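Q: So here's final-v3.txt (compact mmCIF, C-alpha atoms and all ligand atoms).
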```txt
# COMPACT_ATOMS: atom_id res chain seq x y z
CA GLY C 2 -71.67 -26.64 24.07
CA MET C 3 -74.72 -26.12 21.92
CA PRO C 4 -75.52 -28.65 19.17
CA ILE C 5 -74.22 -27.81 15.70
CA SER C 6 -76.41 -27.79 12.61
CA LYS C 7 -74.67 -25.47 10.14
CA ALA C 8 -71.58 -26.01 8.03
CA VAL C 9 -69.69 -23.19 6.33
CA ILE C 10 -67.47 -24.05 3.37
CA PRO C 11 -65.11 -21.27 2.24
CA ALA C 12 -64.40 -21.77 -1.46
CA ALA C 13 -63.56 -18.28 -2.66
CA GLY C 14 -59.78 -18.56 -2.87
CA LEU C 15 -58.04 -17.90 -6.16
CA GLY C 16 -56.36 -21.30 -6.39
CA THR C 17 -53.19 -19.78 -7.83
CA ARG C 18 -51.17 -22.94 -7.23
CA PHE C 19 -53.30 -24.68 -9.83
CA LEU C 20 -53.14 -22.14 -12.64
CA PRO C 21 -53.96 -22.29 -15.49
CA ALA C 22 -56.51 -25.03 -14.57
CA THR C 23 -58.21 -22.60 -12.16
CA LYS C 24 -58.29 -19.60 -14.49
CA ALA C 25 -61.99 -20.00 -15.31
CA MET C 26 -62.95 -22.83 -12.93
CA PRO C 27 -62.78 -23.07 -9.14
CA LYS C 28 -60.17 -25.51 -7.80
CA GLU C 29 -62.92 -27.10 -5.67
CA MET C 30 -64.45 -28.46 -8.91
CA LEU C 31 -61.31 -30.42 -9.84
CA PRO C 32 -62.35 -34.08 -9.97
CA VAL C 33 -61.00 -36.66 -7.56
CA VAL C 34 -61.64 -39.69 -9.78
CA ASP C 35 -65.22 -38.88 -10.90
CA LYS C 36 -66.55 -36.49 -8.26
CA PRO C 37 -65.48 -32.87 -7.75
CA ALA C 38 -63.50 -32.34 -4.55
CA ILE C 39 -66.25 -30.12 -3.13
CA GLN C 40 -68.81 -32.95 -3.21
CA TYR C 41 -66.68 -35.08 -0.88
CA VAL C 42 -66.58 -32.14 1.52
CA VAL C 43 -70.36 -31.57 1.45
CA GLU C 44 -70.91 -35.33 1.91
CA GLU C 45 -68.62 -35.25 4.95
CA ALA C 46 -70.66 -32.42 6.50
CA VAL C 47 -73.92 -34.29 5.86
CA ASN C 48 -72.48 -37.53 7.27
CA ALA C 49 -71.69 -35.60 10.46
CA GLY C 50 -75.35 -34.50 10.67
CA LEU C 51 -74.92 -31.00 9.22
CA HIS C 52 -77.62 -30.53 6.57
CA ASP C 53 -77.48 -26.73 6.37
CA VAL C 54 -74.49 -25.80 4.23
CA LEU C 55 -73.36 -22.26 3.43
CA MET C 56 -70.75 -22.00 0.71
CA VAL C 57 -68.64 -18.85 0.49
CA THR C 58 -67.94 -18.34 -3.20
CA GLY C 59 -66.63 -15.63 -5.50
CA ARG C 60 -66.35 -14.73 -9.17
CA ASN C 61 -65.73 -17.74 -11.45
CA LYS C 62 -67.52 -19.96 -8.96
CA ASN C 63 -70.86 -20.55 -10.75
CA ALA C 64 -69.93 -24.17 -11.43
CA LEU C 65 -70.11 -24.80 -7.67
CA GLU C 66 -73.74 -23.69 -7.48
CA ASN C 67 -74.65 -25.54 -10.66
CA HIS C 68 -73.15 -28.76 -9.32
CA PHE C 69 -75.56 -28.82 -6.37
CA ASP C 70 -78.57 -27.80 -8.47
CA ARG C 71 -80.62 -29.87 -10.90
CA ALA C 72 -79.37 -30.55 -14.42
CA THR C 73 -82.76 -31.12 -16.02
CA GLU C 74 -81.58 -31.64 -19.61
CA LEU C 75 -78.95 -34.17 -18.57
CA GLU C 76 -81.46 -35.91 -16.30
CA ALA C 77 -83.98 -36.17 -19.16
CA VAL C 78 -81.42 -37.66 -21.53
CA LEU C 79 -80.21 -40.24 -18.99
CA ALA C 80 -83.82 -41.13 -18.08
CA SER C 81 -84.81 -41.62 -21.73
CA LYS C 82 -81.78 -43.88 -22.21
CA GLY C 83 -82.72 -45.85 -19.11
CA ASP C 84 -79.27 -45.15 -17.61
CA GLN C 85 -80.48 -45.38 -14.01
CA ARG C 86 -77.03 -45.62 -12.45
CA ARG C 87 -75.70 -42.39 -13.98
CA LEU C 88 -79.02 -40.64 -13.38
CA GLU C 89 -78.73 -41.42 -9.68
CA GLU C 90 -75.18 -40.03 -9.64
CA VAL C 91 -76.33 -36.82 -11.30
CA VAL C 92 -79.30 -36.34 -8.97
CA ARG C 93 -77.46 -37.24 -5.76
CA SER C 94 -75.57 -33.95 -5.29
CA THR C 95 -78.86 -32.04 -5.77
CA HIS C 96 -80.45 -33.59 -2.68
CA LEU C 97 -77.45 -33.88 -0.38
CA ALA C 98 -78.04 -30.79 1.76
CA THR C 99 -79.85 -27.48 1.94
CA MET C 100 -77.36 -25.29 0.12
CA HIS C 101 -76.88 -21.56 0.68
CA TYR C 102 -74.40 -19.26 -1.01
CA VAL C 103 -72.78 -15.98 -0.14
CA ARG C 104 -70.13 -14.15 -2.12
CA GLN C 105 -66.86 -12.88 -0.79
CA ARG C 106 -66.32 -9.92 -3.10
CA ASP C 107 -62.56 -9.81 -2.66
CA PRO C 108 -60.45 -12.77 -1.51
CA LEU C 109 -59.00 -11.01 1.53
CA GLY C 110 -58.24 -14.23 3.42
CA LEU C 111 -59.84 -17.21 5.13
CA GLY C 112 -60.82 -15.13 8.19
CA HIS C 113 -62.57 -12.62 5.92
CA ALA C 114 -64.35 -15.49 4.12
CA VAL C 115 -65.62 -16.94 7.43
CA LEU C 116 -66.86 -13.49 8.49
CA ARG C 117 -69.13 -13.48 5.40
CA ALA C 118 -71.09 -16.29 7.15
CA ALA C 119 -72.02 -14.18 10.20
CA MET C 120 -75.55 -13.25 9.05
CA HIS C 121 -76.44 -16.81 8.09
CA VAL C 122 -74.95 -18.46 11.17
CA GLY C 123 -76.21 -15.99 13.79
CA ASP C 124 -75.51 -16.70 17.43
CA GLU C 125 -74.81 -20.45 17.19
CA PRO C 126 -71.67 -22.55 17.07
CA PHE C 127 -70.93 -23.85 13.55
CA ALA C 128 -68.53 -26.01 11.60
CA VAL C 129 -66.08 -24.82 8.93
CA LEU C 130 -64.80 -27.23 6.28
CA LEU C 131 -62.23 -26.05 3.76
CA GLY C 132 -63.31 -26.91 0.24
CA ASP C 133 -59.88 -28.11 -0.85
CA ASP C 134 -59.08 -30.33 2.14
CA LEU C 135 -60.34 -33.94 1.95
CA ILE C 136 -60.61 -36.28 4.92
CA ASP C 137 -60.80 -39.95 3.94
CA ASP C 138 -64.34 -41.13 4.68
CA ARG C 139 -62.95 -44.24 6.40
CA ASP C 140 -61.51 -41.97 9.11
CA VAL C 141 -63.55 -40.01 11.64
CA LEU C 142 -62.76 -36.37 12.36
CA LEU C 143 -65.70 -33.96 12.22
CA GLU C 144 -67.98 -36.11 14.42
CA ARG C 145 -65.19 -36.29 17.00
CA MET C 146 -64.70 -32.51 16.88
CA ILE C 147 -68.43 -31.93 17.38
CA ALA C 148 -68.40 -34.28 20.40
CA VAL C 149 -65.38 -32.45 21.84
CA HIS C 150 -67.13 -29.12 21.28
CA GLU C 151 -70.16 -30.42 23.19
CA SER C 152 -68.12 -31.72 26.14
CA HIS C 153 -65.62 -28.80 26.34
CA ALA C 154 -67.95 -25.92 25.31
CA SER C 155 -65.11 -24.34 23.34
CA SER C 156 -64.05 -23.78 19.74
CA VAL C 157 -62.27 -26.83 18.30
CA VAL C 158 -59.51 -27.04 15.69
CA ALA C 159 -58.23 -30.15 13.90
CA LEU C 160 -54.48 -30.69 14.30
CA MET C 161 -52.13 -32.98 12.46
CA GLU C 162 -48.41 -33.66 12.96
CA VAL C 163 -46.27 -32.29 10.13
CA GLU C 164 -42.55 -32.38 9.32
CA PRO C 165 -40.64 -29.32 10.62
CA SER C 166 -39.94 -28.37 6.99
CA GLN C 167 -43.72 -27.99 6.48
CA THR C 168 -44.58 -25.59 9.31
CA HIS C 169 -44.37 -22.54 7.03
CA LEU C 170 -47.43 -23.83 5.15
CA TYR C 171 -49.82 -24.03 8.13
CA GLY C 172 -51.09 -22.45 11.32
CA ILE C 173 -49.11 -24.09 14.14
CA ALA C 174 -50.43 -24.61 17.69
CA THR C 175 -48.93 -24.31 21.17
CA VAL C 176 -50.65 -27.05 23.19
CA GLU C 177 -51.05 -28.63 26.61
CA PRO C 178 -52.14 -32.25 27.09
CA THR C 179 -55.53 -33.25 28.54
CA ASP C 180 -56.59 -36.63 29.97
CA GLU C 181 -57.99 -37.62 26.55
CA SER C 182 -55.14 -38.86 24.33
CA ASP C 183 -56.42 -37.25 21.11
CA VAL C 184 -57.44 -33.93 22.73
CA VAL C 185 -55.19 -30.97 23.62
CA ARG C 186 -55.77 -27.53 25.03
CA VAL C 187 -54.58 -24.90 22.55
CA THR C 188 -52.89 -21.95 24.27
CA GLY C 189 -51.67 -20.17 21.13
CA LEU C 190 -51.62 -20.31 17.34
CA VAL C 191 -49.22 -18.77 14.86
CA GLU C 192 -49.70 -18.62 11.07
CA LYS C 193 -46.99 -20.07 8.80
CA PRO C 194 -43.95 -19.92 11.15
CA ARG C 195 -40.44 -20.84 10.00
CA PRO C 196 -39.33 -24.20 11.47
CA GLU C 197 -37.09 -22.46 14.05
CA ASP C 198 -40.02 -20.31 15.25
CA ALA C 199 -42.67 -23.09 15.27
CA PRO C 200 -43.99 -23.80 18.79
CA SER C 201 -44.75 -27.46 17.90
CA ASN C 202 -45.20 -29.73 14.90
CA LEU C 203 -49.00 -29.68 15.23
CA ALA C 204 -50.56 -27.99 12.20
CA VAL C 205 -54.13 -26.74 11.88
CA ILE C 206 -55.92 -28.55 9.03
CA GLY C 207 -59.15 -27.58 7.29
CA ARG C 208 -61.83 -28.50 9.81
CA TYR C 209 -63.09 -26.24 12.61
CA VAL C 210 -65.96 -26.03 15.07
CA LEU C 211 -66.28 -22.38 16.06
CA GLN C 212 -68.12 -20.45 18.72
CA PRO C 213 -70.05 -17.48 17.27
CA ASP C 214 -67.78 -15.14 19.29
CA VAL C 215 -65.29 -15.60 16.45
CA PHE C 216 -67.24 -13.10 14.30
CA ALA C 217 -66.68 -10.17 16.66
CA ILE C 218 -62.99 -11.04 16.83
CA LEU C 219 -62.70 -11.33 13.04
CA GLU C 220 -64.29 -7.87 12.66
CA ASN C 221 -61.30 -6.47 14.51
CA THR C 222 -58.57 -8.72 13.13
CA PRO C 223 -56.14 -6.80 10.90
CA ALA C 224 -54.50 -8.36 7.84
CA GLY C 225 -51.70 -10.69 8.92
CA SER C 226 -49.48 -13.19 7.13
CA GLY C 227 -49.58 -12.67 3.34
CA GLY C 228 -51.66 -9.49 3.78
CA GLU C 229 -54.74 -11.66 4.44
CA ILE C 230 -57.20 -11.63 7.34
CA GLN C 231 -56.24 -14.89 9.00
CA LEU C 232 -58.64 -17.18 10.87
CA THR C 233 -55.57 -18.39 12.76
CA ASP C 234 -55.02 -14.90 14.21
CA ALA C 235 -58.64 -14.69 15.44
CA LEU C 236 -58.36 -18.17 16.99
CA ASN C 237 -55.07 -17.22 18.64
CA SER C 238 -56.79 -14.32 20.32
CA MET C 239 -59.60 -16.63 21.50
CA ALA C 240 -57.06 -19.17 22.78
CA GLU C 241 -55.18 -16.48 24.71
CA SER C 242 -58.26 -14.75 26.17
CA GLY C 243 -60.38 -17.86 26.74
CA LEU C 244 -63.29 -16.18 24.92
CA GLY C 245 -66.04 -18.65 23.96
CA GLY C 246 -64.42 -21.30 26.18
CA GLY C 247 -61.02 -20.97 24.48
CA VAL C 248 -59.74 -23.38 21.85
CA THR C 249 -59.43 -27.16 22.04
CA GLY C 250 -57.51 -29.29 19.54
CA VAL C 251 -58.40 -32.75 18.22
CA VAL C 252 -55.27 -34.52 16.97
CA PHE C 253 -56.09 -36.37 13.75
CA THR C 254 -53.99 -39.34 12.66
CA GLY C 255 -56.07 -40.46 9.67
CA ARG C 256 -55.80 -39.82 5.96
CA ARG C 257 -56.05 -36.25 4.67
CA TYR C 258 -55.53 -34.93 1.15
CA ASP C 259 -54.86 -31.29 0.29
CA THR C 260 -56.36 -30.99 -3.18
CA GLY C 261 -55.16 -27.38 -3.48
CA ASP C 262 -51.58 -28.63 -3.82
CA ARG C 263 -50.68 -30.27 -7.13
CA LEU C 264 -48.66 -33.20 -5.79
CA ASP C 265 -51.11 -33.90 -2.95
CA TYR C 266 -53.95 -33.72 -5.45
CA LEU C 267 -52.33 -36.37 -7.64
CA LYS C 268 -51.76 -38.56 -4.56
CA ALA C 269 -55.41 -38.13 -3.56
CA ILE C 270 -56.61 -39.35 -6.94
CA VAL C 271 -54.36 -42.43 -6.79
CA GLN C 272 -55.36 -43.28 -3.20
CA VAL C 273 -59.09 -42.81 -3.76
CA ALA C 274 -59.00 -44.74 -7.05
CA ALA C 275 -57.04 -47.60 -5.45
CA THR C 276 -59.79 -48.16 -2.85
CA ARG C 277 -62.67 -48.14 -5.34
CA ASP C 278 -64.30 -51.48 -6.16
CA ASP C 279 -64.81 -50.53 -9.80
CA LEU C 280 -61.34 -49.09 -10.52
CA GLY C 281 -59.06 -50.24 -7.70
CA PRO C 282 -57.93 -53.68 -8.95
CA ASP C 283 -56.98 -52.41 -12.44
CA MET C 284 -55.46 -49.24 -11.03
CA VAL C 285 -53.24 -51.05 -8.54
CA ALA C 286 -52.13 -53.66 -11.09
CA TRP C 287 -51.18 -50.87 -13.51
CA LEU C 288 -49.41 -48.88 -10.77
CA LYS C 289 -47.26 -51.89 -9.78
CA ASP C 290 -46.28 -52.37 -13.38
CA PHE C 291 -45.58 -48.66 -13.82
CA VAL C 292 -43.38 -48.48 -10.72
CA ALA C 293 -41.49 -51.65 -11.67
CA ASN C 294 -40.64 -50.21 -15.10
CA HIS C 295 -40.02 -46.63 -14.11
P1 LIG C 301 -55.76 -21.43 0.37
O1 LIG C 301 -54.69 -20.66 0.97
O2 LIG C 301 -55.58 -22.88 0.11
O3 LIG C 301 -56.33 -20.81 -0.93
O4 LIG C 301 -57.07 -21.16 1.23
P2 LIG C 301 -56.24 -20.24 -2.30
O5 LIG C 301 -55.93 -18.81 -2.20
O6 LIG C 301 -57.52 -20.62 -2.96
O7 LIG C 301 -55.12 -21.07 -3.07
P3 LIG C 301 -53.69 -20.71 -3.61
O8 LIG C 301 -52.81 -20.70 -2.39
O9 LIG C 301 -53.82 -19.39 -4.31
O10 LIG C 301 -53.37 -21.84 -4.56
C1 LIG C 301 -57.66 -22.10 2.08
C2 LIG C 301 -59.17 -22.11 1.90
O11 LIG C 301 -59.71 -20.85 2.16
C3 LIG C 301 -60.50 -20.40 1.08
C4 LIG C 301 -60.00 -21.17 -0.13
O12 LIG C 301 -61.02 -21.29 -1.10
C5 LIG C 301 -59.61 -22.50 0.49
O13 LIG C 301 -60.72 -23.36 0.63
N1 LIG C 301 -60.31 -18.93 0.95
C6 LIG C 301 -59.07 -18.40 1.00
C7 LIG C 301 -61.41 -18.12 0.77
O14 LIG C 301 -62.57 -18.60 0.70
N2 LIG C 301 -61.23 -16.78 0.66
C8 LIG C 301 -60.00 -16.21 0.72
O15 LIG C 301 -59.90 -14.97 0.63
C9 LIG C 301 -58.89 -17.06 0.89
```
Could the structure of this file be written out as structure tokens, please?

A:
Amino acid sequence: GMPISKAVIPAAGLGTRFLPATKAMPKEMLPVVDKPAIQYVVEEAVNAGLHDVLMVTGRNKNALENHFDRATELEAVLASKGDQRRLEEVVRSTHLATMHYVRQRDPLGLGHAVLRAAMHVGDEPFAVLLGDDLIDDRDVLLERMIAVHESHASSVVALMEVEPSQTHLYGIATVEPTDESDVVRVTGLVEKPRPEDAPSNLAVIGRYVLQPDVFAILENTPAGSGGEIQLTDALNSMAESGLGGGVTGVVFTGRRYDTGDRLDYLKAIVQVAATRDDLGPDMVAWLKDFVANH
């Protein structure tokens, strides 16, 4: 497989599960402790060596662009106060990556959002990171997927075991084992099956490495589950036909937080806060007390 240098971050969804918080603000800007969720995702891309980031945004998404731009007035105030620590925090997101933006005019689905990246990406493989899916930075996923892409010369999806009661929330894979314990060959994918129809308990989570062939497939992918153009449907067709080397799965067993879901979002905040040097000790002490008295 060819080396990867570009990351695409779809962040144009409506975030209806978080209304009214997401009425005028994108869900990707919701803070996880003191950083918006989207910054963790951009940092993950950069840590995997991807410095060219294209964000797919929509109406109400200006805060995303502003967050990765300079905030000159704020910088001047912090500098004049000599608050070096906060100044560094404010400036950091500005210099993380080379940011590009494209708008998805109508939120017609994740597949449709990825197709908006075709012009920018061109004829190269690329990574996709969902803006509301956080992978704990102590666990390795994207680097592993890029390595598997390079050795298998295929598209790569991230898979995670889920409870049968959860299959209707995800794309679910039909797989065959390989000689690497965390790698499977994906022979089919189905979006949001009922438990009785699910071919496995391996769910697709929000990280992908895709061959550019996916764009031509997406062009011809009709609306599927929920009336949306589904990336899962395009990947299923690539898995079945073997186009672009087919689809390989990396089975992830680390920590993942879905910040688009209210309960998972609350869990993410608690888990991230508990590991922080500045907040963790107080947070954990308070939590123990809270649980004991609840
Ligand atoms: P979700 O299904 O989590 O998105 O999409 P949503 O529509 O924002 O949220 P709910 O279900 O209404 O609460 C997964 C990812 O795909 C992006 C979302 O921004 C999210 O990162 N997406 C989805 C798009 O960019 N465009 C779309 O048309 C749909």

Q: Using only C-alpha atoms and all ligand atoms, tabulate the residues of chain C lying at most 9 Å from any atom of ligand LIG 301 (chain C), each with its closest atom pair and that distance in Å to one decimal, by chain and increasing residue number, as a Markdown table.

A:
```
| residue | atom | partner | partner_atom | distance |
| --- | --- | --- | --- | --- |
| C:Ile10 | CA | C:LIG301 | O13 | 7.3 |
| C:Pro11 | CA | C:LIG301 | O14 | 4.0 |
| C:Ala12 | CA | C:LIG301 | O12 | 3.4 |
| C:Ala13 | CA | C:LIG301 | O14 | 3.5 |
| C:Gly14 | CA | C:LIG301 | O6 | 3.1 |
| C:Leu15 | CA | C:LIG301 | O6 | 4.2 |
| C:Gly16 | CA | C:LIG301 | O10 | 3.5 |
| C:Thr17 | CA | C:LIG301 | O9 | 3.6 |
| C:Arg18 | CA | C:LIG301 | O10 | 3.6 |
| C:Phe19 | CA | C:LIG301 | O10 | 6.0 |
| C:Leu20 | CA | C:LIG301 | O10 | 8.1 |
| C:Pro27 | CA | C:LIG301 | O12 | 8.4 |
| C:Lys28 | CA | C:LIG301 | O6 | 7.4 |
| C:Glu29 | CA | C:LIG301 | O12 | 7.6 |
| C:Met56 | CA | C:LIG301 | O14 | 8.9 |
| C:Val57 | CA | C:LIG301 | O14 | 6.1 |
| C:Thr58 | CA | C:LIG301 | O14 | 6.6 |
| C:Gly59 | CA | C:LIG301 | O14 | 8.0 |
| C:Gln105 | CA | C:LIG301 | N2 | 7.0 |
| C:Arg106 | CA | C:LIG301 | O15 | 9.0 |
| C:Asp107 | CA | C:LIG301 | O15 | 6.7 |
| C:Pro108 | CA | C:LIG301 | O15 | 3.1 |
| C:Leu109 | CA | C:LIG301 | O15 | 4.2 |
| C:Gly110 | CA | C:LIG301 | O15 | 3.3 |
| C:Leu111 | CA | C:LIG301 | C9 | 4.3 |
| C:Gly112 | CA | C:LIG301 | C8 | 7.6 |
| C:His113 | CA | C:LIG301 | O15 | 6.4 |
| C:Ala114 | CA | C:LIG301 | N2 | 4.8 |
| C:Val115 | CA | C:LIG301 | O14 | 7.6 |
| C:Leu130 | CA | C:LIG301 | O13 | 8.0 |
| C:Leu131 | CA | C:LIG301 | O13 | 4.4 |
| C:Gly132 | CA | C:LIG301 | O13 | 4.4 |
| C:Asp133 | CA | C:LIG301 | O13 | 5.0 |
| C:Asp134 | CA | C:LIG301 | O13 | 7.3 |
| C:Leu170 | CA | C:LIG301 | O1 | 9.0 |
| C:Gly207 | CA | C:LIG301 | C2 | 7.7 |
| C:Glu229 | CA | C:LIG301 | O15 | 7.2 |
| C:Ile230 | CA | C:LIG301 | O15 | 8.0 |
| C:Gln231 | CA | C:LIG301 | C9 | 8.8 |
| C:Asp259 | CA | C:LIG301 | O2 | 8.4 |
| C:Thr260 | CA | C:LIG301 | O2 | 8.8 |
| C:Gly261 | CA | C:LIG301 | O2 | 5.8 |
| C:Asp262 | CA | C:LIG301 | O10 | 7.1 |
```

Q: Under the rule of at most 8 Å, produce a per-residue listing of region 178-246 of chain C near region 137-148 of chain C: chain, number, name, the closest pair of atoms, and the distance in Å, as CSV, using all atoms listed in the file.

A:
```
residue,atom,partner,partner_atom,distance
C:Arg208,CA,C:Leu143,CA,7.1
C:Tyr209,CA,C:Met146,CA,7.8
C:Val210,CA,C:Ile147,CA,6.8
```

Q: Quick one, how far is CA of Ala275 (chain C) from CA of Arg86 (chain C)?

A: 21.3 Å

Q: Nearest to Thr99 (chain C) among C:Thr249, C:Ser6, C:Thr276, C:Thr233, with distances taken over all atoms listed in the file: which residue is it?

A: C:Ser6

Q: Between C:Asp124, C:Asp53, C:Asp265, C:Glu74, which is the closest to Pro213 (chain C) once you count all atoms listed in the file?

A: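 Looking only at the distances to Pro213 (chain C), the closest residue turns out to be C:Asp124.
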
Q: Between CA of Ala8 (chain C) and CA of Val185 (chain C), what distance in Å does the model show, to one decimal?

A: 23.2 Å

Q: Go through C:Glu125, C:Leu97, C:Gly255, C:Ser166 and flag the residue nearest Asn48 (chain C), using only C-alpha atoms for the distances.

A: C:Leu97

Q: Using only C-alpha atoms, can you tell me which of C:Val158, C:Leu288, C:Leu264, C:Ala217 comes closest to Val252 (chain C)?

A: C:Val158

Q: Since the input lacks some atoms of region 244-252 of chain C, please model all heavy atoms and print them as a short mmCIF file (atom, residue, chain, number, x, y, z; two decimals), in the coordinates of the input.

A:
```
data_model
loop_
_atom_site.label_atom_id
_atom_site.label_comp_id
_atom_site.auth_asym_id
_atom_site.auth_seq_id
_atom_site.Cartn_x
_atom_site.Cartn_y
_atom_site.Cartn_z
N LEU C 244 -61.96 -16.55 25.40
CA LEU C 244 -63.29 -16.18 24.92
C LEU C 244 -63.99 -17.38 24.28
O LEU C 244 -63.37 -18.15 23.54
CB LEU C 244 -63.17 -15.05 23.89
CG LEU C 244 -64.49 -14.46 23.39
CD1 LEU C 244 -65.13 -13.57 24.44
CD2 LEU C 244 -64.27 -13.68 22.10
N GLY C 245 -65.27 -17.54 24.54
CA GLY C 245 -66.04 -18.65 23.96
C GLY C 245 -65.53 -20.00 24.45
O GLY C 245 -65.68 -21.00 23.76
N GLY C 246 -64.92 -20.03 25.64
CA GLY C 246 -64.42 -21.30 26.18
C GLY C 246 -63.03 -21.65 25.67
O GLY C 246 -62.55 -22.77 25.88
N GLY C 247 -62.37 -20.71 24.98
CA GLY C 247 -61.02 -20.97 24.48
C GLY C 247 -61.03 -21.91 23.29
O GLY C 247 -62.05 -22.06 22.60
N VAL C 248 -59.89 -22.53 23.04
CA VAL C 248 -59.74 -23.38 21.85
C VAL C 248 -59.19 -24.75 22.27
O VAL C 248 -58.23 -24.84 23.03
CB VAL C 248 -58.79 -22.73 20.81
CG1 VAL C 248 -58.62 -23.64 19.59
CG2 VAL C 248 -59.32 -21.35 20.38
N THR C 249 -59.87 -25.79 21.79
CA THR C 249 -59.43 -27.16 22.04
C THR C 249 -58.97 -27.75 20.72
O THR C 249 -59.50 -27.40 19.66
CB THR C 249 -60.61 -27.98 22.62
OG1 THR C 249 -61.18 -27.24 23.71
CG2 THR C 249 -60.15 -29.34 23.14
N GLY C 250 -57.99 -28.65 20.77
CA GLY C 250 -57.51 -29.29 19.54
C GLY C 250 -57.83 -30.78 19.55
O GLY C 250 -57.72 -31.44 20.58
N VAL C 251 -58.26 -31.30 18.41
CA VAL C 251 -58.40 -32.75 18.22
C VAL C 251 -57.26 -33.18 17.30
O VAL C 251 -57.12 -32.64 16.19
CB VAL C 251 -59.77 -33.10 17.60
CG1 VAL C 251 -59.80 -34.56 17.12
CG2 VAL C 251 -60.89 -32.88 18.62
N VAL C 252 -56.43 -34.09 17.77
CA VAL C 252 -55.27 -34.52 16.97
C VAL C 252 -55.71 -35.67 16.06
O VAL C 252 -56.13 -36.73 16.52
CB VAL C 252 -54.09 -34.94 17.87
CG1 VAL C 252 -52.90 -35.35 17.01
CG2 VAL C 252 -53.70 -33.79 18.80
#
```
